[in-house]
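Dropping input10.tsv in here (TSV, C-alpha atoms):
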chain	number	residue	atom	x	y	z
A	956	MET	CA	54.80	278.44	112.67
A	957	SER	CA	55.61	275.94	115.40
A	958	ASN	CA	54.59	276.82	118.95
A	959	LYS	CA	57.13	274.39	120.34
A	960	LEU	CA	59.65	275.97	122.74
A	961	ASN	CA	63.16	274.57	122.62
A	962	VAL	CA	65.13	274.81	125.86
A	963	THR	CA	68.90	274.37	125.59
A	964	VAL	CA	71.90	274.94	127.80
A	965	SER	CA	74.23	277.88	127.31
A	966	PRO	CA	75.91	279.29	125.35
A	967	HIS	CA	72.95	280.68	123.44
A	968	ILE	CA	75.03	283.15	121.41
A	969	ARG	CA	77.79	281.50	119.41
A	970	SER	CA	80.72	283.13	117.68
A	971	VAL	CA	81.45	282.45	114.04
A	972	ASN	CA	85.12	282.05	115.01
A	973	SER	CA	86.46	278.55	115.47
A	974	THR	CA	89.59	277.26	117.17
A	975	THR	CA	90.99	276.29	113.77
A	976	GLY	CA	90.30	279.74	112.35
A	977	ILE	CA	91.92	281.50	115.31
A	978	MET	CA	95.00	279.27	115.18
A	979	LEU	CA	95.28	279.80	111.42
A	980	ASP	CA	95.31	283.55	112.02
A	981	VAL	CA	98.12	283.11	114.56
A	982	VAL	CA	100.10	281.01	112.08
A	983	ILE	CA	99.67	283.72	109.44
A	984	ALA	CA	100.74	286.38	111.95
A	985	LEU	CA	103.90	284.38	112.71
A	986	ILE	CA	104.96	284.11	109.06
A	987	PRO	CA	106.71	287.55	108.89
A	988	ALA	CA	108.88	286.57	111.87
A	989	LEU	CA	109.63	283.23	110.22
A	990	ILE	CA	110.67	284.94	106.99
A	991	ALA	CA	112.91	287.31	108.96
A	992	GLY	CA	114.44	284.37	110.85
A	993	ILE	CA	115.23	282.55	107.61
A	994	TYR	CA	116.71	285.71	106.09
A	995	PHE	CA	118.98	286.48	109.03
A	996	PHE	CA	119.88	282.97	110.21
A	997	GLY	CA	119.66	280.93	107.03
A	998	PRO	CA	117.64	277.86	106.00
A	999	ARG	CA	118.36	276.08	109.28
A	1000	ALA	CA	115.81	278.41	110.91
A	1001	LEU	CA	113.13	276.85	108.70
A	1002	TYR	CA	114.50	273.38	109.44
A	1003	ILE	CA	114.34	273.83	113.24
A	1004	THR	CA	110.83	275.28	112.93
A	1005	ALA	CA	109.74	272.28	110.84
A	1006	VAL	CA	111.26	269.87	113.40
A	1007	CYS	CA	109.38	271.50	116.27
A	1008	VAL	CA	106.07	271.70	114.39
A	1009	LEU	CA	106.27	268.10	113.15
A	1010	THR	CA	107.21	266.82	116.61
A	1011	CYS	CA	104.32	268.69	118.24
A	1012	VAL	CA	101.77	267.44	115.70
A	1013	LEU	CA	102.97	263.82	115.82
A	1014	GLY	CA	103.34	263.96	119.61
A	1015	GLU	CA	99.77	265.19	120.05
A	1016	LEU	CA	98.44	262.63	117.56
A	1017	SER	CA	100.31	259.74	119.19
A	1018	PHE	CA	99.25	260.69	122.71
A	1019	GLN	CA	95.59	260.99	121.73
A	1020	LEU	CA	95.61	257.67	119.88
A	1021	ILE	CA	97.32	255.88	122.77
A	1022	CYS	CA	94.90	257.37	125.31
A	1023	LYS	CA	91.94	256.83	122.97
A	1024	ARG	CA	91.03	260.49	122.95
A	1025	ALA	CA	89.50	262.47	120.13
A	1026	VAL	CA	92.16	263.54	117.63
A	1027	THR	CA	92.41	267.33	117.50
A	1028	ILE	CA	95.49	268.03	115.36
A	1029	HIS	CA	93.22	269.63	112.76
A	1030	ASP	CA	92.69	272.64	115.06
A	1031	LEU	CA	96.29	273.77	114.34
A	1032	SER	CA	97.06	274.47	118.01
A	1033	ALA	CA	99.94	271.99	117.89
A	1034	VAL	CA	101.33	273.82	114.86
A	1035	VAL	CA	101.22	277.12	116.75
A	1036	THR	CA	102.95	275.57	119.77
A	1037	GLY	CA	105.71	274.16	117.56
A	1038	MET	CA	106.27	277.48	115.80
A	1039	LEU	CA	106.34	279.48	119.03
A	1040	LEU	CA	108.81	277.10	120.64
A	1041	ALA	CA	111.08	277.17	117.58
A	1042	PHE	CA	110.97	280.96	117.51
A	1043	ASN	CA	112.25	280.96	121.10
A	1044	LEU	CA	115.24	278.75	120.35
A	1045	PRO	CA	118.68	279.64	118.97
A	1046	VAL	CA	119.12	278.42	115.41
A	1047	SER	CA	122.13	276.33	116.45
A	1048	ILE	CA	120.09	274.18	118.86
A	1049	PRO	CA	120.68	270.42	118.30
A	1050	GLU	CA	117.72	268.68	116.67
A	1051	TRP	CA	117.27	266.17	119.49
A	1052	GLN	CA	116.97	268.97	122.06
A	1053	ALA	CA	114.35	270.72	119.91
A	1054	ILE	CA	112.45	267.41	119.76
A	1055	VAL	CA	112.64	266.93	123.55
A	1056	GLY	CA	111.40	270.48	124.13
A	1057	SER	CA	108.54	270.01	121.69
A	1058	LEU	CA	107.43	266.78	123.39
A	1059	VAL	CA	107.52	268.46	126.80
A	1060	ALA	CA	105.40	271.32	125.45
A	1061	ILE	CA	102.78	269.24	123.69
A	1062	VAL	CA	102.60	266.11	125.87
A	1063	VAL	CA	103.58	267.14	129.39
A	1064	VAL	CA	102.29	270.73	129.54
A	1065	LYS	CA	99.33	270.46	127.18
A	1066	GLN	CA	97.97	266.93	126.78
A	1067	LEU	CA	98.59	265.56	130.29
A	1068	PHE	CA	96.47	268.41	131.65
A	1069	GLY	CA	93.59	267.67	129.30
A	1070	GLY	CA	94.53	269.26	125.98
A	1071	ILE	CA	93.73	272.65	124.56
A	1072	GLY	CA	91.86	274.85	127.01
A	1073	TYR	CA	93.07	272.97	130.10
A	1074	ASN	CA	96.82	273.60	130.27
A	1075	PHE	CA	97.95	275.68	133.25
A	1076	ALA	CA	100.76	277.45	131.38
A	1077	ASN	CA	101.67	278.36	127.83
A	1078	PRO	CA	103.25	275.15	126.48
A	1079	ALA	CA	105.98	276.88	124.48
A	1080	ILE	CA	107.00	279.09	127.42
A	1081	ALA	CA	107.07	276.17	129.88
A	1082	ALA	CA	109.13	274.07	127.47
A	1083	ARG	CA	111.59	276.91	126.87
A	1084	VAL	CA	112.14	277.39	130.61
A	1085	MET	CA	112.73	273.65	130.96
A	1086	MET	CA	115.26	273.77	128.12
A	1087	LEU	CA	117.03	276.80	129.63
A	1088	LEU	CA	117.49	274.86	132.85
A	1089	SER	CA	118.40	271.54	131.19
A	1090	PHE	CA	120.42	272.63	128.14
A	1091	SER	CA	121.90	275.91	129.36
A	1092	THR	CA	124.98	275.77	127.11
A	1093	THR	CA	123.23	275.20	123.78
A	1094	MET	CA	120.30	277.43	124.73
A	1095	THR	CA	122.67	280.37	125.20
A	1096	ASN	CA	124.76	279.85	122.06
A	1097	TRP	CA	123.83	282.71	119.73
A	1098	PRO	CA	125.06	282.53	116.11
A	1099	LEU	CA	125.72	285.80	114.36
A	1100	ALA	CA	123.07	286.81	111.86
A	1101	LYS	CA	123.93	285.76	108.29
A	1102	SER	CA	126.78	283.54	109.47
A	1103	VAL	CA	124.98	280.25	109.96
A	1104	ASP	CA	126.80	277.63	107.92
A	1105	ASP	CA	129.06	274.70	108.67
A	1106	ALA	CA	131.04	276.73	111.22
A	1107	LEU	CA	128.78	278.64	113.58
A	1108	VAL	CA	130.16	281.91	114.93
A	1109	SER	CA	128.55	283.07	118.15
A	1110	GLU	CA	128.20	286.45	119.82
A	1111	ALA	CA	126.56	287.78	122.94
A	1112	THR	CA	122.97	288.98	122.79
A	1113	PRO	CA	122.26	292.69	123.33
A	1114	LEU	CA	120.83	291.91	126.78
A	1115	ALA	CA	124.03	290.10	127.79
A	1116	ILE	CA	126.14	293.00	126.51
A	1117	ILE	CA	123.99	295.52	128.39
A	1118	LYS	CA	124.16	293.45	131.57
A	1119	GLY	CA	127.91	293.00	131.23
A	1120	THR	CA	127.84	289.20	131.07
A	1121	GLY	CA	128.79	289.14	127.40
A	1122	GLU	CA	131.37	290.84	125.27
A	1123	GLY	CA	130.82	292.61	121.98
A	1124	GLU	CA	129.57	295.80	120.40
A	1125	LEU	CA	125.96	296.74	121.00
A	1126	PRO	CA	123.97	296.85	117.72
A	1127	SER	CA	122.38	300.12	116.70
A	1128	LEU	CA	118.69	300.69	117.36
A	1129	PHE	CA	118.11	300.42	113.61
A	1130	HIS	CA	119.67	296.95	113.51
A	1131	MET	CA	117.62	296.04	116.57
A	1132	MET	CA	114.47	297.04	114.72
A	1133	ILE	CA	115.19	295.07	111.55
A	1134	GLY	CA	116.55	292.04	113.41
A	1135	GLU	CA	120.23	291.99	112.47
A	1136	ARG	CA	121.47	290.88	115.88
A	1137	ALA	CA	122.06	287.74	117.92
A	1138	GLY	CA	119.03	286.07	119.40
A	1139	CYS	CA	116.43	283.37	118.93
A	1140	ILE	CA	114.98	282.51	115.53
A	1141	GLY	CA	111.78	284.53	115.73
A	1142	GLU	CA	112.50	287.23	118.28
A	1143	THR	CA	115.02	289.50	116.60
A	1144	CYS	CA	112.98	291.41	114.00
A	1145	ALA	CA	110.74	293.94	115.76
A	1146	ILE	CA	109.15	295.04	112.47
A	1147	ALA	CA	108.05	291.50	111.60
A	1148	ILE	CA	106.53	290.99	115.06
A	1149	PHE	CA	104.72	294.34	114.80
A	1150	ILE	CA	103.21	293.28	111.47
A	1151	GLY	CA	101.93	290.11	113.13
A	1152	PHE	CA	100.56	292.17	116.03
A	1153	MET	CA	98.63	294.48	113.71
A	1154	TYR	CA	97.23	291.50	111.80
A	1155	LEU	CA	95.97	289.86	115.01
A	1156	LEU	CA	94.38	293.14	116.10
A	1157	PHE	CA	92.73	293.56	112.70
A	1158	ARG	CA	91.36	290.01	112.86
A	1159	LYS	CA	90.27	290.61	116.49
A	1160	VAL	CA	92.13	287.52	117.64
A	1161	ILE	CA	93.72	289.49	120.47
A	1162	THR	CA	93.14	292.84	122.15
A	1163	TRP	CA	95.69	295.59	122.69
A	1164	HIS	CA	95.65	295.41	126.49
A	1165	THR	CA	98.31	292.80	127.24
A	1166	PRO	CA	100.91	293.60	124.54
A	1167	VAL	CA	100.72	297.38	124.99
A	1168	VAL	CA	100.75	297.31	128.81
A	1169	PHE	CA	103.50	294.63	128.92
A	1170	VAL	CA	105.82	296.45	126.50
A	1171	GLY	CA	104.92	299.90	127.82
A	1172	GLY	CA	105.46	298.73	131.39
A	1173	VAL	CA	108.93	297.40	130.58
A	1174	PHE	CA	109.80	300.68	128.84
A	1175	LEU	CA	108.64	302.90	131.72
A	1176	LEU	CA	110.16	300.75	134.46
A	1177	SER	CA	113.45	300.55	132.57
A	1178	PHE	CA	113.34	304.31	131.93
A	1179	PHE	CA	113.06	305.09	135.64
A	1180	ALA	CA	115.51	302.37	136.72
A	1181	LEU	CA	118.18	303.27	134.16
A	1182	ASP	CA	118.68	306.94	135.03
A	1183	PHE	CA	115.85	308.22	132.81
A	1184	SER	CA	117.55	307.09	129.62
A	1185	VAL	CA	115.15	306.73	126.68
A	1186	ARG	CA	117.85	304.98	124.66
A	1187	ASP	CA	118.49	302.34	127.32
A	1188	ALA	CA	114.76	301.80	127.78
A	1189	LEU	CA	114.35	301.28	124.02
A	1190	TYR	CA	117.11	298.69	124.06
A	1191	GLN	CA	115.26	296.85	126.82
A	1192	VAL	CA	112.10	296.82	124.69
A	1193	LEU	CA	113.80	295.68	121.48
A	1194	SER	CA	116.11	293.13	123.14
A	1195	GLY	CA	115.37	289.54	124.06
A	1196	GLY	CA	111.98	287.95	123.62
A	1197	LEU	CA	109.83	290.78	124.99
A	1198	LEU	CA	107.97	291.60	121.78
A	1199	ILE	CA	107.25	288.05	120.65
A	1200	GLY	CA	106.33	287.09	124.21
A	1201	ALA	CA	103.99	290.05	124.67
A	1202	VAL	CA	102.22	289.59	121.32
A	1203	PHE	CA	102.03	285.83	120.91
A	1204	MET	CA	102.45	284.14	124.31
A	1205	ALA	CA	101.12	286.54	126.92
A	1206	THR	CA	97.86	286.70	124.92
A	1207	ASP	CA	97.10	282.97	125.08
A	1208	TYR	CA	93.38	282.47	125.70
A	1209	THR	CA	93.74	279.60	128.18
A	1210	THR	CA	96.54	280.83	130.40
A	1211	THR	CA	95.74	284.55	130.66
A	1212	PRO	CA	92.78	286.41	132.22
A	1213	PRO	CA	89.73	286.95	129.98
A	1214	THR	CA	88.68	290.42	131.16
A	1215	PRO	CA	90.33	293.69	130.00
A	1216	PHE	CA	91.28	294.68	133.56
A	1217	GLY	CA	92.58	291.19	134.22
A	1218	LYS	CA	94.77	291.43	131.12
A	1219	VAL	CA	96.17	294.74	132.37
A	1220	VAL	CA	97.01	293.26	135.78
A	1221	PHE	CA	98.59	290.22	134.10
A	1222	ALA	CA	100.68	292.40	131.79
A	1223	LEU	CA	101.84	294.67	134.61
A	1224	GLY	CA	102.97	291.65	136.59
A	1225	CYS	CA	104.87	290.37	133.56
A	1226	ALA	CA	106.54	293.77	133.10
A	1227	VAL	CA	107.64	294.05	136.72
A	1228	ILE	CA	109.11	290.53	136.83
A	1229	THR	CA	110.82	290.94	133.45
A	1230	VAL	CA	112.56	294.17	134.47
A	1231	ALA	CA	113.47	292.80	137.91
A	1232	VAL	CA	115.12	289.71	136.42
A	1233	ARG	CA	116.89	291.66	133.69
A	1234	LEU	CA	118.29	294.38	135.93
A	1235	TRP	CA	118.91	292.60	139.21
A	1236	GLY	CA	118.78	288.86	138.49
A	1237	SER	CA	121.59	286.58	137.39
A	1238	ASN	CA	119.86	285.84	134.09
A	1239	PRO	CA	119.91	288.59	131.43
A	1240	GLU	CA	116.43	287.65	130.17
A	1241	GLY	CA	113.24	287.43	132.22
A	1242	VAL	CA	110.32	287.31	129.78
A	1243	SER	CA	109.80	283.54	129.85
A	1244	PHE	CA	109.99	283.36	133.64
A	1245	ALA	CA	107.63	286.33	133.96
A	1246	ILE	CA	104.95	284.88	131.68
A	1247	LEU	CA	105.21	281.43	133.29
A	1248	PHE	CA	104.87	282.86	136.79
A	1249	MET	CA	101.89	285.02	135.81
A	1250	ASN	CA	100.29	282.01	134.07
A	1251	ILE	CA	100.23	280.31	137.46
A	1252	LEU	CA	98.55	283.37	138.99
A	1253	THR	CA	95.96	283.67	136.21
A	1254	PRO	CA	93.12	281.83	138.07
A	1255	TYR	CA	93.48	284.23	141.01
A	1256	ILE	CA	93.66	287.30	138.77
A	1257	SER	CA	90.59	286.11	136.85
A	1258	ARG	CA	88.67	285.58	140.09
A	1259	MET	CA	89.57	289.04	141.44
A	1260	THR	CA	88.76	290.84	138.17
A	1261	LYS	CA	85.63	288.88	137.31
A	1262	ARG	CA	82.75	291.06	136.22
A	1263	LYS	CA	79.70	291.10	138.46
A	1264	VAL	CA	76.47	289.93	136.87
A	1265	PHE	CA	74.01	292.82	136.57
A	1266	GLY	CA	71.53	292.56	139.44
A	1267	GLY	CA	73.41	289.68	141.01
A	1268	ARG	CA	74.79	289.33	144.54
A	1269	LYS	CA	78.35	288.85	145.56
A	1270	VAL	CA	78.93	285.22	146.50
A	1271	LYS	CA	80.89	284.82	149.73

For this file, produce the structure as structure tokens.
Amino acid sequence: MSNKLNVTVSPHIRSVNSTTGIMLDVVIALIPALIAGIYFFGPRALYITAVCVLTCVLGELSFQLICKRAVTIHDLSAVVTGMLLAFNLPVSIPEWQAIVGSLVAIVVVKQLFGGIGYNFANPAIAARVMMLLSFSTTMTNWPLAKSVDDALVSEATPLAIIKGTGEGELPSLFHMMIGERAGCIGETCAIAIFIGFMYLLFRKVITWHTPVVFVGGVFLLSFFALDFSVRDALYQVLSGGLLIGAVFMATDYTTTPPTPFGKVVFALGCAVITVAVRLWGSNPEGVSFAILFMNILTPYISRMTKRKVFGGRKVK
């Protein structure tokens, strides 16, 4: 036996999980929502998803080669970003706008800030907000489920109908659950998103804190704000991008607090902003704005909820 003592820097305990493995799990968890999107909106849902994914991968590769950085496309984070952005777009979005949004997500929000682990906000969320502000007409054109062909027929989303800014008949709660309603490619089917959520919990990729508190907070706040109506509160939960945002984007490792209490604070903030925008703002949807705003506050939340080292002193 060697008596030599090896001294190394932390971390001394390493996880068997890798970035590639985690991102692969997220991709797998997103597949049910992709299948639902293709079923309800047709093959163009797959096409838009492929455009976003390919643009993100090639954009990341090109930027890293130009800047002479290490190529990291093998970690699948660019694939996840492309899928999440596509799932937050209407299926009728023009290809060039999907490409612009993907480049903003992967180059401006992610790579210019140092790549994975250094971005200040979720790339897909930031890109979607940019697209909402820049391409407001096409970003709010919602084709009817199962009607996507040469002639797109649009209808108002449930949130727009509830808010009174859109005309149409509100889908039943059953149709809201299965996804047969107007909306973005990957946000309509609550069952598919729930399957992905359970898979990520089983694989221990995420914890329950953020999704449960975010969704539960929106339900309770809506319940009290909407005359104690359980039905109206359920519509708020099943409408818009709340579920996909809570499960897949508000749980991002880089842009959300690492501690359980920090995740709860983050999720509560997201819930309050989402409900405030939906009920009293001019925009019927507030999930993207809520997550983006709380992403900016994440360093402060992390600092306030940081665990104290056992036996250590508080640093002033």

- request: Find the spatial neighbours of Lys1218 (chain A), counting only C-alpha atoms, within a cut-off of 9 Å - ignore same-chain residues fewer than 3 positions away - and output them as number ranges by chain.
  value: A: 1164-1165, 1168, 1206, 1211-1215, 1221-1223, 1256-1257

Nearby residues (all atoms listed in the file) at most 8 Å from Leu1016 (chain A), same-chain spacing under 4 positions excluded, as a VMD selection string: chain A and resid 1012 1020 1026 to 1028

Keeping C-alpha atoms for every residue in the selection just given, could you write it to a file as a PDB file, in the coordinates of the input?
ATOM      1  CA  VAL A1012     101.770 267.440 115.700  1.00  0.00           C
ATOM      2  CA  LEU A1020      95.610 257.670 119.880  1.00  0.00           C
ATOM      3  CA  VAL A1026      92.160 263.540 117.630  1.00  0.00           C
ATOM      4  CA  THR A1027      92.410 267.330 117.500  1.00  0.00           C
ATOM      5  CA  ILE A1028      95.490 268.030 115.360  1.00  0.00           C
TER       6      ILE A1028
END

message: Using only C-alpha atoms for the distances, tell me which of A:Ser1032, A:Thr1260, A:Ser1184, A:Thr1143 is nearest to Trp1097 (chain A).
response: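 Closest residue, counting only C-alpha atoms: A:Thr1143.
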
If we count all atoms listed in the file, what is near Phe1075 (chain A) at a cut-off of 9 Å, once residues fewer than 4 positions away on the same chain are taken out, given as a short mmCIF file (atom, residue, chain, number, x, y, z; two decimals) with C-alpha atoms, in the coordinates of the input?
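Saved file part_12.cif follows:
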data_model
loop_
_atom_site.label_atom_id
_atom_site.label_comp_id
_atom_site.auth_asym_id
_atom_site.auth_seq_id
_atom_site.Cartn_x
_atom_site.Cartn_y
_atom_site.Cartn_z
CA VAL A 1064 102.29 270.73 129.54
CA LYS A 1065 99.33 270.46 127.18
CA PHE A 1068 96.47 268.41 131.65
CA THR A 1209 93.74 279.60 128.18
CA THR A 1210 96.54 280.83 130.40
CA ASN A 1250 100.29 282.01 134.07
CA ILE A 1251 100.23 280.31 137.46
CA THR A 1253 95.96 283.67 136.21
#

query: Which one of A:Pro1166, A:Pro1113, A:Pro998, A:Gly1241 sits closest to Leu1128 (chain A) if you count all atoms listed in the file?
result: A:Pro1113

Reconstruct all heavy atoms of region 1248-1259 of chain A; output as a PDB file, in the coordinates of the input.
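Saved the output as part-v8.pdb:
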ATOM      1  N   PHE A1248     105.312 282.569 135.427  1.00  0.00           N
ATOM      2  CA  PHE A1248     104.870 282.860 136.790  1.00  0.00           C
ATOM      3  C   PHE A1248     103.466 283.465 136.787  1.00  0.00           C
ATOM      4  O   PHE A1248     102.614 283.087 137.607  1.00  0.00           O
ATOM      5  CB  PHE A1248     105.852 283.818 137.463  1.00  0.00           C
ATOM      6  CG  PHE A1248     105.518 284.126 138.899  1.00  0.00           C
ATOM      7  CD1 PHE A1248     105.791 283.213 139.901  1.00  0.00           C
ATOM      8  CD2 PHE A1248     104.908 285.327 139.247  1.00  0.00           C
ATOM      9  CE1 PHE A1248     105.474 283.487 141.228  1.00  0.00           C
ATOM     10  CE2 PHE A1248     104.585 285.615 140.563  1.00  0.00           C
ATOM     11  CZ  PHE A1248     104.876 284.688 141.557  1.00  0.00           C
ATOM     12  N   MET A1249     103.215 284.396 135.865  1.00  0.00           N
ATOM     13  CA  MET A1249     101.890 285.020 135.810  1.00  0.00           C
ATOM     14  C   MET A1249     100.832 284.047 135.301  1.00  0.00           C
ATOM     15  O   MET A1249      99.654 284.175 135.654  1.00  0.00           O
ATOM     16  CB  MET A1249     101.939 286.274 134.944  1.00  0.00           C
ATOM     17  CG  MET A1249     102.799 287.396 135.516  1.00  0.00           C
ATOM     18  SD  MET A1249     102.366 287.875 137.205  1.00  0.00           S
ATOM     19  CE  MET A1249     100.713 288.540 136.968  1.00  0.00           C
ATOM     20  N   ASN A1250     101.220 283.070 134.467  1.00  0.00           N
ATOM     21  CA  ASN A1250     100.290 282.010 134.070  1.00  0.00           C
ATOM     22  C   ASN A1250      99.750 281.276 135.291  1.00  0.00           C
ATOM     23  O   ASN A1250      98.557 280.952 135.376  1.00  0.00           O
ATOM     24  CB  ASN A1250     100.983 280.994 133.161  1.00  0.00           C
ATOM     25  CG  ASN A1250     101.147 281.468 131.727  1.00  0.00           C
ATOM     26  OD1 ASN A1250     101.933 280.909 130.966  1.00  0.00           O
ATOM     27  ND2 ASN A1250     100.423 282.503 131.342  1.00  0.00           N
ATOM     28  N   ILE A1251     100.634 281.016 136.249  1.00  0.00           N
ATOM     29  CA  ILE A1251     100.230 280.310 137.460  1.00  0.00           C
ATOM     30  C   ILE A1251      99.262 281.159 138.288  1.00  0.00           C
ATOM     31  O   ILE A1251      98.349 280.634 138.935  1.00  0.00           O
ATOM     32  CB  ILE A1251     101.475 279.948 138.302  1.00  0.00           C
ATOM     33  CG1 ILE A1251     102.374 278.986 137.502  1.00  0.00           C
ATOM     34  CG2 ILE A1251     101.085 279.313 139.629  1.00  0.00           C
ATOM     35  CD1 ILE A1251     103.715 278.717 138.143  1.00  0.00           C
ATOM     36  N   LEU A1252      99.415 282.468 138.227  1.00  0.00           N
ATOM     37  CA  LEU A1252      98.550 283.370 138.990  1.00  0.00           C
ATOM     38  C   LEU A1252      97.250 283.718 138.263  1.00  0.00           C
ATOM     39  O   LEU A1252      96.374 284.365 138.844  1.00  0.00           O
ATOM     40  CB  LEU A1252      99.290 284.675 139.316  1.00  0.00           C
ATOM     41  CG  LEU A1252     100.505 284.571 140.233  1.00  0.00           C
ATOM     42  CD1 LEU A1252     101.068 285.963 140.480  1.00  0.00           C
ATOM     43  CD2 LEU A1252     100.155 283.890 141.553  1.00  0.00           C
ATOM     44  N   THR A1253      97.126 283.295 137.015  1.00  0.00           N
ATOM     45  CA  THR A1253      95.960 283.670 136.210  1.00  0.00           C
ATOM     46  C   THR A1253      94.613 283.314 136.857  1.00  0.00           C
ATOM     47  O   THR A1253      93.689 284.143 136.839  1.00  0.00           O
ATOM     48  CB  THR A1253      96.054 283.036 134.815  1.00  0.00           C
ATOM     49  OG1 THR A1253      97.090 283.703 134.076  1.00  0.00           O
ATOM     50  CG2 THR A1253      94.751 283.163 134.044  1.00  0.00           C
ATOM     51  N   PRO A1254      94.429 282.122 137.444  1.00  0.00           N
ATOM     52  CA  PRO A1254      93.120 281.830 138.070  1.00  0.00           C
ATOM     53  C   PRO A1254      92.756 282.830 139.164  1.00  0.00           C
ATOM     54  O   PRO A1254      91.580 283.204 139.304  1.00  0.00           O
ATOM     55  CB  PRO A1254      93.320 280.424 138.647  1.00  0.00           C
ATOM     56  CG  PRO A1254      94.407 279.822 137.815  1.00  0.00           C
ATOM     57  CD  PRO A1254      95.325 280.949 137.489  1.00  0.00           C
ATOM     58  N   TYR A1255      93.738 283.280 139.929  1.00  0.00           N
ATOM     59  CA  TYR A1255      93.480 284.230 141.010  1.00  0.00           C
ATOM     60  C   TYR A1255      93.181 285.626 140.439  1.00  0.00           C
ATOM     61  O   TYR A1255      92.290 286.332 140.935  1.00  0.00           O
ATOM     62  CB  TYR A1255      94.687 284.293 141.944  1.00  0.00           C
ATOM     63  CG  TYR A1255      95.069 282.932 142.492  1.00  0.00           C
ATOM     64  CD1 TYR A1255      96.134 282.221 141.942  1.00  0.00           C
ATOM     65  CD2 TYR A1255      94.349 282.356 143.537  1.00  0.00           C
ATOM     66  CE1 TYR A1255      96.481 280.974 142.429  1.00  0.00           C
ATOM     67  CE2 TYR A1255      94.685 281.107 144.025  1.00  0.00           C
ATOM     68  CZ  TYR A1255      95.755 280.417 143.469  1.00  0.00           C
ATOM     69  OH  TYR A1255      96.080 279.174 143.945  1.00  0.00           O
ATOM     70  N   ILE A1256      93.924 286.012 139.405  1.00  0.00           N
ATOM     71  CA  ILE A1256      93.660 287.300 138.770  1.00  0.00           C
ATOM     72  C   ILE A1256      92.264 287.305 138.142  1.00  0.00           C
ATOM     73  O   ILE A1256      91.513 288.279 138.255  1.00  0.00           O
ATOM     74  CB  ILE A1256      94.719 287.611 137.702  1.00  0.00           C
ATOM     75  CG1 ILE A1256      96.104 287.720 138.338  1.00  0.00           C
ATOM     76  CG2 ILE A1256      94.390 288.907 136.958  1.00  0.00           C
ATOM     77  CD1 ILE A1256      97.230 287.861 137.333  1.00  0.00           C
ATOM     78  N   SER A1257      91.911 286.210 137.487  1.00  0.00           N
ATOM     79  CA  SER A1257      90.590 286.110 136.850  1.00  0.00           C
ATOM     80  C   SER A1257      89.480 286.198 137.888  1.00  0.00           C
ATOM     81  O   SER A1257      88.446 286.837 137.650  1.00  0.00           O
ATOM     82  CB  SER A1257      90.494 284.785 136.078  1.00  0.00           C
ATOM     83  OG  SER A1257      91.460 284.726 135.051  1.00  0.00           O
ATOM     84  N   ARG A1258      89.697 285.560 139.037  1.00  0.00           N
ATOM     85  CA  ARG A1258      88.670 285.580 140.090  1.00  0.00           C
ATOM     86  C   ARG A1258      88.508 286.990 140.658  1.00  0.00           C
ATOM     87  O   ARG A1258      87.391 287.451 140.910  1.00  0.00           O
ATOM     88  CB  ARG A1258      89.068 284.608 141.198  1.00  0.00           C
ATOM     89  CG  ARG A1258      87.981 284.381 142.251  1.00  0.00           C
ATOM     90  CD  ARG A1258      88.465 283.385 143.286  1.00  0.00           C
ATOM     91  NE  ARG A1258      88.924 282.147 142.662  1.00  0.00           N
ATOM     92  CZ  ARG A1258      89.647 281.228 143.283  1.00  0.00           C
ATOM     93  NH1 ARG A1258      90.005 281.413 144.536  1.00  0.00           N
ATOM     94  NH2 ARG A1258      90.008 280.131 142.650  1.00  0.00           N
ATOM     95  N   MET A1259      89.628 287.694 140.851  1.00  0.00           N
ATOM     96  CA  MET A1259      89.570 289.040 141.440  1.00  0.00           C
ATOM     97  C   MET A1259      89.009 290.081 140.464  1.00  0.00           C
ATOM     98  O   MET A1259      88.435 291.084 140.887  1.00  0.00           O
ATOM     99  CB  MET A1259      90.964 289.464 141.901  1.00  0.00           C
ATOM    100  CG  MET A1259      91.471 288.706 143.110  1.00  0.00           C
ATOM    101  SD  MET A1259      93.042 289.386 143.744  1.00  0.00           S
ATOM    102  CE  MET A1259      94.119 289.106 142.333  1.00  0.00           C
TER     103      MET A1259
END
